[in-house]
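**Q** Handing over work.tsv, TSV, C-alpha atoms.
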chain	number	residue	atom	x	y	z
A	16	MET	CA	-28.18	-20.91	124.77
A	17	ARG	CA	-25.81	-18.00	124.20
A	18	SER	CA	-22.65	-18.44	122.23
A	19	PRO	CA	-19.60	-18.64	124.27
A	20	PHE	CA	-17.88	-16.29	121.78
A	21	PRO	CA	-20.29	-13.36	121.19
A	22	HIS	CA	-17.62	-10.71	120.72
A	23	ARG	CA	-15.81	-12.77	118.12
A	24	LEU	CA	-18.93	-13.21	116.02
A	25	LEU	CA	-19.59	-9.48	116.02
A	26	GLY	CA	-16.05	-8.68	114.87
A	27	PHE	CA	-16.28	-11.19	112.08
A	28	THR	CA	-19.55	-9.68	110.86
A	29	LEU	CA	-18.17	-6.15	110.82
A	30	SER	CA	-15.08	-7.25	108.95
A	31	ALA	CA	-17.12	-9.05	106.32
A	32	ALA	CA	-19.36	-6.03	105.84
A	33	CYS	CA	-16.29	-3.91	105.37
A	34	VAL	CA	-14.98	-6.22	102.72
A	35	VAL	CA	-18.33	-6.24	100.85
A	36	VAL	CA	-18.55	-2.43	100.89
A	37	ALA	CA	-14.98	-2.03	99.70
A	38	CYS	CA	-15.45	-4.48	96.81
A	39	SER	CA	-18.68	-2.93	95.81
A	40	SER	CA	-17.17	0.54	95.90
A	41	GLY	CA	-14.17	-0.50	93.71
A	42	SER	CA	-16.21	-2.12	91.03
A	43	SER	CA	-18.45	0.90	90.55
A	44	ASP	CA	-15.68	3.54	90.31
A	45	PRO	CA	-17.07	6.02	87.72
A	46	GLY	CA	-13.60	7.28	86.86
A	47	THR	CA	-12.49	3.86	85.73
A	48	ALA	CA	-15.62	3.25	83.72
A	49	GLY	CA	-15.30	6.65	82.06
A	50	ASP	CA	-11.70	5.94	81.13
A	51	ALA	CA	-12.57	2.60	79.65
A	52	SER	CA	-15.46	4.04	77.68
A	53	SER	CA	-13.32	6.92	76.45
A	54	GLY	CA	-10.49	4.56	75.45
A	55	SER	CA	-12.93	2.35	73.62
A	56	SER	CA	-14.48	5.30	71.81
A	57	SER	CA	-11.06	6.69	70.95
A	58	SER	CA	-9.95	3.32	69.71
A	59	SER	CA	-13.10	2.98	67.62
A	60	SER	CA	-12.62	6.49	66.21
A	61	SER	CA	-8.98	5.78	65.49
A	62	SER	CA	-9.87	2.52	63.89
A	63	SER	CA	-12.58	4.17	61.81
A	64	SER	CA	-10.20	6.95	60.86
A	65	GLY	CA	-7.50	4.45	59.92
A	66	SER	CA	-10.03	2.49	57.94
A	67	SER	CA	-11.13	5.60	56.18
A	68	ALA	CA	-7.53	6.61	55.43
A	69	SER	CA	-6.80	3.12	54.28
A	70	SER	CA	-9.91	3.16	52.10
A	71	SER	CA	-8.99	6.61	50.76
A	72	SER	CA	-5.46	5.48	50.14
A	73	SER	CA	-6.70	2.35	48.43
A	74	SER	CA	-9.09	4.41	46.30
A	75	SER	CA	-6.28	6.74	45.46
A	76	GLY	CA	-4.09	3.80	44.47
A	77	SER	CA	-6.87	2.43	42.30
A	78	SER	CA	-7.20	5.79	40.67
A	79	GLY	CA	-3.50	5.90	40.03
A	80	SER	CA	-3.63	2.39	38.67
A	81	SER	CA	-6.55	3.27	36.45
A	82	SER	CA	-4.77	6.38	35.34
A	83	GLY	CA	-1.71	4.31	34.49
A	84	SER	CA	-3.92	2.00	32.48
A	85	SER	CA	-5.29	4.81	30.44
A	86	GLY	CA	-1.70	5.90	29.87
A	87	SER	CA	-1.07	2.47	28.38
A	88	SER	CA	-3.98	2.76	26.00
A	89	GLY	CA	-2.55	6.13	25.05
A	90	SER	CA	0.53	4.26	23.95
A	91	SER	CA	-1.65	2.29	21.57
A	92	GLY	CA	-2.01	5.64	19.85
A	93	SER	CA	1.67	5.42	19.10
A	94	SER	CA	0.88	2.37	17.02
A	95	GLY	CA	-0.99	4.88	14.89
A	96	SER	CA	2.41	6.22	14.01
A	97	SER	CA	2.66	3.11	11.89
A	98	GLY	CA	0.62	5.28	9.57
A	99	SER	CA	3.88	6.95	8.74
A	100	SER	CA	4.87	3.72	7.12
A	101	GLY	CA	2.06	4.64	4.77
A	102	ASN	CA	4.57	7.14	3.50
A	103	GLY	CA	5.94	4.14	1.69
A	104	ASP	CA	3.05	4.96	-0.56
A	105	ALA	CA	4.62	8.27	-1.29
A	106	GLY	CA	7.78	6.36	-2.12
A	107	GLY	CA	5.75	4.49	-4.73
A	108	ASP	CA	4.69	7.81	-6.24
A	109	SER	CA	8.15	9.20	-6.04
A	110	GLY	CA	8.76	8.20	-9.59
A	111	PHE	CA	8.74	4.55	-10.46
A	112	ASP	CA	5.98	2.16	-11.48
A	113	GLY	CA	7.55	-1.27	-11.89
A	114	GLY	CA	10.96	0.26	-12.55
A	115	ARG	CA	9.55	3.06	-14.74
A	116	PRO	CA	9.62	6.82	-14.09
A	117	ASP	CA	6.33	8.65	-13.84
A	118	CYS	CA	6.33	10.65	-17.08
A	119	THR	CA	3.59	13.03	-18.23
A	120	ASN	CA	1.66	12.70	-21.53
A	121	GLU	CA	2.19	8.94	-21.66
A	122	ASN	CA	-0.76	7.90	-23.84
A	123	HIS	CA	-2.47	4.57	-24.55
A	124	GLU	CA	-1.29	2.87	-21.32
A	125	PRO	CA	-1.07	0.08	-20.36
A	126	ASN	CA	0.44	-1.27	-23.60
A	127	GLU	CA	3.63	-3.04	-22.55
A	128	THR	CA	3.04	-6.28	-24.47
A	129	GLU	CA	1.94	-7.39	-27.93
A	130	ALA	CA	-1.25	-8.87	-26.43
A	131	ALA	CA	-2.03	-5.55	-24.71
A	132	ALA	CA	-1.08	-3.36	-27.71
A	133	ALA	CA	-3.06	-0.12	-27.92
A	134	THR	CA	-5.46	-0.23	-30.88
A	135	LEU	CA	-5.12	2.55	-33.45
A	136	PRO	CA	-7.68	3.35	-36.20
A	137	ASP	CA	-7.75	1.15	-39.32
A	138	ILE	CA	-6.18	2.59	-42.47
A	139	ASP	CA	-5.88	1.41	-46.06
A	140	ASP	CA	-2.77	1.11	-48.22
A	141	CYS	CA	-3.15	4.48	-49.93
A	142	ASP	CA	-0.41	6.85	-48.70
A	143	SER	CA	-2.98	9.59	-48.27
A	144	SER	CA	-4.30	7.60	-45.30
A	145	ALA	CA	-1.06	8.22	-43.42
A	146	THR	CA	-1.46	9.24	-39.77
A	147	ASN	CA	0.57	9.40	-36.55
A	148	VAL	CA	0.61	8.50	-32.86
A	149	THR	CA	2.33	10.32	-29.99
A	150	SER	CA	3.35	9.14	-26.54
A	151	VAL	CA	6.28	9.00	-24.08
A	152	ALA	CA	8.74	6.16	-23.49
A	153	SER	CA	9.03	6.12	-19.67
A	154	GLY	CA	12.55	4.92	-18.91
A	155	THR	CA	14.55	2.12	-20.48
A	156	ALA	CA	12.31	-0.57	-18.94
A	157	ASP	CA	9.16	0.73	-20.66
A	158	VAL	CA	7.76	-0.88	-23.82
A	159	ASP	CA	5.02	0.79	-25.87
A	160	ALA	CA	3.08	-1.43	-28.29
A	161	PHE	CA	0.48	-0.30	-30.84
A	162	LYS	CA	-1.63	-2.17	-33.38
A	163	PHE	CA	-3.63	-1.14	-36.46
A	164	VAL	CA	-5.34	-2.94	-39.30
A	165	GLY	CA	-3.91	-2.18	-42.76
A	166	LYS	CA	-6.36	-2.87	-45.60
A	167	ASP	CA	-5.16	-3.86	-49.06
A	168	THR	CA	-7.29	-1.92	-51.54
A	169	VAL	CA	-7.34	-1.80	-55.33
A	170	GLY	CA	-5.25	0.96	-56.88
A	171	CYS	CA	-2.78	1.48	-53.97
A	172	LEU	CA	0.46	-0.24	-52.93
A	173	VAL	CA	1.04	-2.12	-49.66
A	174	ASP	CA	4.31	-0.80	-48.26
A	175	PRO	CA	3.90	-0.36	-44.46
A	176	THR	CA	6.28	2.37	-43.28
A	177	ALA	CA	6.83	4.09	-39.91
A	178	GLN	CA	9.24	6.81	-38.80
A	179	MET	CA	10.11	8.25	-35.36
A	180	ASN	CA	10.83	11.95	-34.91
A	181	VAL	CA	13.47	11.54	-32.13
A	182	ALA	CA	16.65	9.54	-31.63
A	183	GLY	CA	17.33	7.35	-28.61
A	184	ALA	CA	14.77	4.59	-29.18
A	185	GLU	CA	14.27	1.42	-31.18
A	186	LEU	CA	11.22	1.24	-33.46
A	187	CYS	CA	10.01	-2.15	-34.64
A	188	MET	CA	7.23	-3.20	-37.04
A	189	PHE	CA	5.74	-6.71	-37.14
A	190	VAL	CA	2.99	-8.06	-39.42
A	191	ALA	CA	0.33	-10.78	-39.22
A	192	CYS	CA	-1.68	-11.44	-42.40
A	193	LYS	CA	-5.47	-11.54	-42.20
A	194	THR	CA	-5.34	-14.38	-44.72
A	195	GLY	CA	-2.33	-16.64	-45.10
A	196	THR	CA	1.09	-16.32	-43.43
A	197	ALA	CA	3.26	-13.22	-43.64
A	198	ASN	CA	6.60	-13.62	-45.33
A	199	VAL	CA	8.94	-10.65	-44.82
A	200	SER	CA	11.30	-10.37	-47.74
A	201	LYS	CA	13.04	-7.09	-47.01
A	202	CYS	CA	13.73	-4.41	-44.34
A	203	SER	CA	14.60	-0.81	-45.32
A	204	ALA	CA	18.19	0.49	-45.16
A	205	GLY	CA	19.58	0.64	-41.65
A	206	ALA	CA	16.95	-1.80	-40.28
A	207	ALA	CA	17.32	-5.45	-39.32
A	208	SER	CA	14.88	-8.33	-39.54
A	209	ALA	CA	13.34	-9.40	-36.25
A	210	THR	CA	10.63	-11.60	-34.74
A	211	SER	CA	8.19	-10.39	-32.12
A	212	PRO	CA	7.69	-12.19	-28.77
A	213	GLY	CA	4.47	-13.56	-30.28
A	214	GLY	CA	6.32	-15.01	-33.27
A	215	LYS	CA	5.38	-12.38	-35.84
A	216	PRO	CA	8.02	-11.45	-38.48
A	217	GLY	CA	9.14	-7.86	-39.03
A	218	CYS	CA	11.96	-5.31	-38.88
A	219	CYS	CA	13.56	-2.99	-36.26
A	220	ILE	CA	15.53	0.24	-36.58
A	221	GLN	CA	17.41	2.39	-34.03
A	222	THR	CA	17.65	5.63	-35.99
A	223	THR	CA	15.15	8.26	-37.15
A	224	ASP	CA	15.23	6.91	-40.72
A	225	PRO	CA	11.97	5.50	-42.18
A	226	LEU	CA	11.34	1.84	-41.39
A	227	THR	CA	9.67	-0.09	-44.22
A	228	THR	CA	8.75	-3.79	-43.98
A	229	THR	CA	8.23	-5.52	-47.32
A	230	PHE	CA	6.05	-8.61	-46.98
A	231	ALA	CA	3.45	-10.75	-48.78
A	232	CYS	CA	0.65	-12.99	-47.52
A	233	GLY	CA	0.83	-15.50	-50.41
A	234	GLY	CA	-2.48	-14.52	-52.02
A	235	SER	CA	-4.23	-11.63	-53.67
A	236	ASP	CA	-5.07	-9.87	-50.39
A	237	ASP	CA	-2.24	-8.53	-48.28
A	238	SER	CA	-4.41	-6.98	-45.58
A	239	ALA	CA	-2.72	-7.42	-42.21
A	240	ASP	CA	-2.52	-6.51	-38.54
A	241	VAL	CA	0.51	-4.28	-38.14
A	242	TYR	CA	2.26	-3.95	-34.73
A	243	LEU	CA	4.53	-1.04	-33.84
A	244	ARG	CA	6.83	-1.32	-30.82
A	245	VAL	CA	8.88	1.46	-29.17
A	246	LYS	CA	11.58	0.97	-26.55
A	247	GLN	CA	14.31	3.34	-25.37
A	248	LEU	CA	17.90	2.29	-26.08
A	249	ALA	CA	19.71	0.67	-23.14
A	250	SER	CA	22.37	3.40	-23.37
A	251	ASN	CA	19.84	6.03	-22.24
A	252	PRO	CA	19.55	7.06	-18.56
A	253	THR	CA	17.37	4.46	-16.80
A	254	SER	CA	14.75	6.97	-15.64
A	255	SER	CA	14.63	9.25	-18.69
A	256	CYS	CA	11.31	10.32	-20.23
A	257	LEU	CA	11.41	10.32	-24.03
A	258	PRO	CA	8.45	12.00	-25.82
A	259	TYR	CA	8.06	10.81	-29.40
A	260	GLN	CA	5.81	10.78	-32.44
A	261	ILE	CA	5.53	8.01	-35.04
A	262	ALA	CA	4.24	8.88	-38.50
A	263	TYR	CA	3.07	5.79	-40.40
A	264	HIS	CA	1.10	4.49	-43.38
A	265	PHE	CA	0.19	1.07	-44.83
Starting from the coordinates I provided, produce the structure as structure tokens.

**A**
Amino acid sequence: MRSPFPHRLLGFTLSAACVVVACSSGSSDPGTAGDASSGSSSSSSSSSSGSSASSSSSSSGSSGSSSGSSGSSGSSGSSGSSGSSGNGDAGGDSGFDGGRPDCTNENHEPNETEAAAATLPDIDDCDSSATNVTSVASGTADVDAFKFVGKDTVGCLVDPTAQMNVAGAELCMFVACKTGTANVSKCSAGAASATSPGGKPGCCIQTTDPLTTTFACGGSDDSADVYLRVKQLASNPTSSCLPYQIAYHF
């Protein structure tokens, strides 16, 4: 049987076909696809470029940071300037050793104490055995101590005597008998009796006159250890260097 509405069906079919063609045509528009592809590519390129710039910038920042770091370690070099404090060493050489000036020709050092007295050659009690010692008193804080053995021999007289060749210092002589105990009975003119830090008796003088210490050991042998001590007078300049010579016999 034929449809009672043949013309309506035909119109509906044509319209639907039209719609299908139009839709199909819109979705395959090459211009649109090209634009989208181009935009995507551009965006990707831009993104890549930005990433690259960002990476480059970041690298550059790292470099700068690293460079700054190395600058800091450079500053550790400035701690090397503490070496200048080593110049304090030069200050030590600038003249004083424990409050003493650095004088030339200072012999027999160190000999600041009786226990550290510089040892001189032994001599006997004959005056022909007389000898001398030379050195320098380095400032008023310096003490020079010397020691020699005086031997009592037959035919000569024990009369230990010492004399300085310059003024400005105190010369002392102390004795310690090899046998028995020393008993000092007399000091020469201008000298005064004294006792050493170690308890030995003796005499001191502050002029250039001869210093003689008369003593006895209480027996037949008056052999003894004789100590000589030199110290500048307190009235001298603190840092003065005083060269001297002591002539002595036993």

**Q** If we count only C-alpha atoms and set the cut-off at 10 Å, which residues sit around A:Gly213, ignoring sequence neighbours fewer than 5 positions away in its own chain? Please answer as a PDB file with C-alpha atoms, keeping the file's coordinate frame.

**A**
ATOM      1  CA  THR A 128       3.040  -6.280 -24.470  1.00  0.00           C
ATOM      2  CA  GLU A 129       1.940  -7.390 -27.930  1.00  0.00           C
ATOM      3  CA  ALA A 130      -1.250  -8.870 -26.430  1.00  0.00           C
ATOM      4  CA  PHE A 189       5.740  -6.710 -37.140  1.00  0.00           C
TER       5      PHE A 189
END

**Q** Hey, can you check how far atom CA of A:Ser208 sits from atom CA of A:Lys246?

**A**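 Taking atom CA of A:Ser208 as the start and atom CA of A:Lys246 as the end point, the length is 16.3 Å.
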
**Q** What's the separation between atom CA of A:Gly214 and atom CA of A:Asp142, in Å to one decimal place?

**A**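 Going from atom CA of A:Gly214 over to atom CA of A:Asp142, I get 27.6 Å.
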
**Q** Return the single residue from A:Ser144, A:Ser153, A:Asn120, A:Thr194 that is closest to A:Asp237, with distances computed using all atoms listed in the file.

**A**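 The shortest atom-to-atom distance to A:Asp237 comes from A:Thr194.
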
**Q** Can you work out which one of A:Phe161, A:Pro125, A:Ala184, A:Ala131 has the shortest atom-to-atom distance to A:Cys256, counting only C-alpha atoms?

**A**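 Using only C-alpha atoms, A:Cys256 sits closest to A:Ala184.
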
**Q** Can you tell me which residues surround A:Thr228 at a distance of at most 7 Å, considering all atoms listed in the file, apart from same-chain residues fewer than 2 positions away, and format the answer as number ranges by chain?

**A** A: 174-176, 199, 201-203, 217-218, 226, 230

**Q** Quick one: residues within 12 Å of (-5.9, 2.3, -45.4) (file frame), counting all atoms listed in the file, please, as number ranges by chain.

**A** A: 135-146, 163-175, 237-241, 263-265

**Q** I need the residue nearest A:Ala249 from this list: A:Thr210, A:Thr223, A:Asn126, A:Thr155. Use all atoms listed in the file for the distance.

**A** A:Thr155

**Q** What is the distance between atom CA of A:Thr119 and atom CA of A:Ala262, in Å to one decimal?

**A**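 Pair atom CA of A:Thr119 / atom CA of A:Ala262 returns 20.7 Å.
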
**Q** I need the residue nearest A:Ala133 from this list: A:Leu243, A:Ala156, A:Ala182, A:Ala177. Use only C-alpha atoms for the distance.

**A**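 Going through A:Leu243, A:Ala156, A:Ala182, A:Ala177 one by one, the smallest distance to A:Ala133 is for A:Leu243.
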
**Q** Residues around (15.2, -4.0, -33.3), cut-off 10 Å, counting only C-alpha atoms - what are they as a ChimeraX atom specification?

**A** /A:184-188,206-211,217-221,244-246,248

**Q** So which one's closest to A:Thr227, A:Thr196, A:Gln260, A:Gln178, A:Asn251? Using all atoms listed in the file, please.

**A** A:Gln178
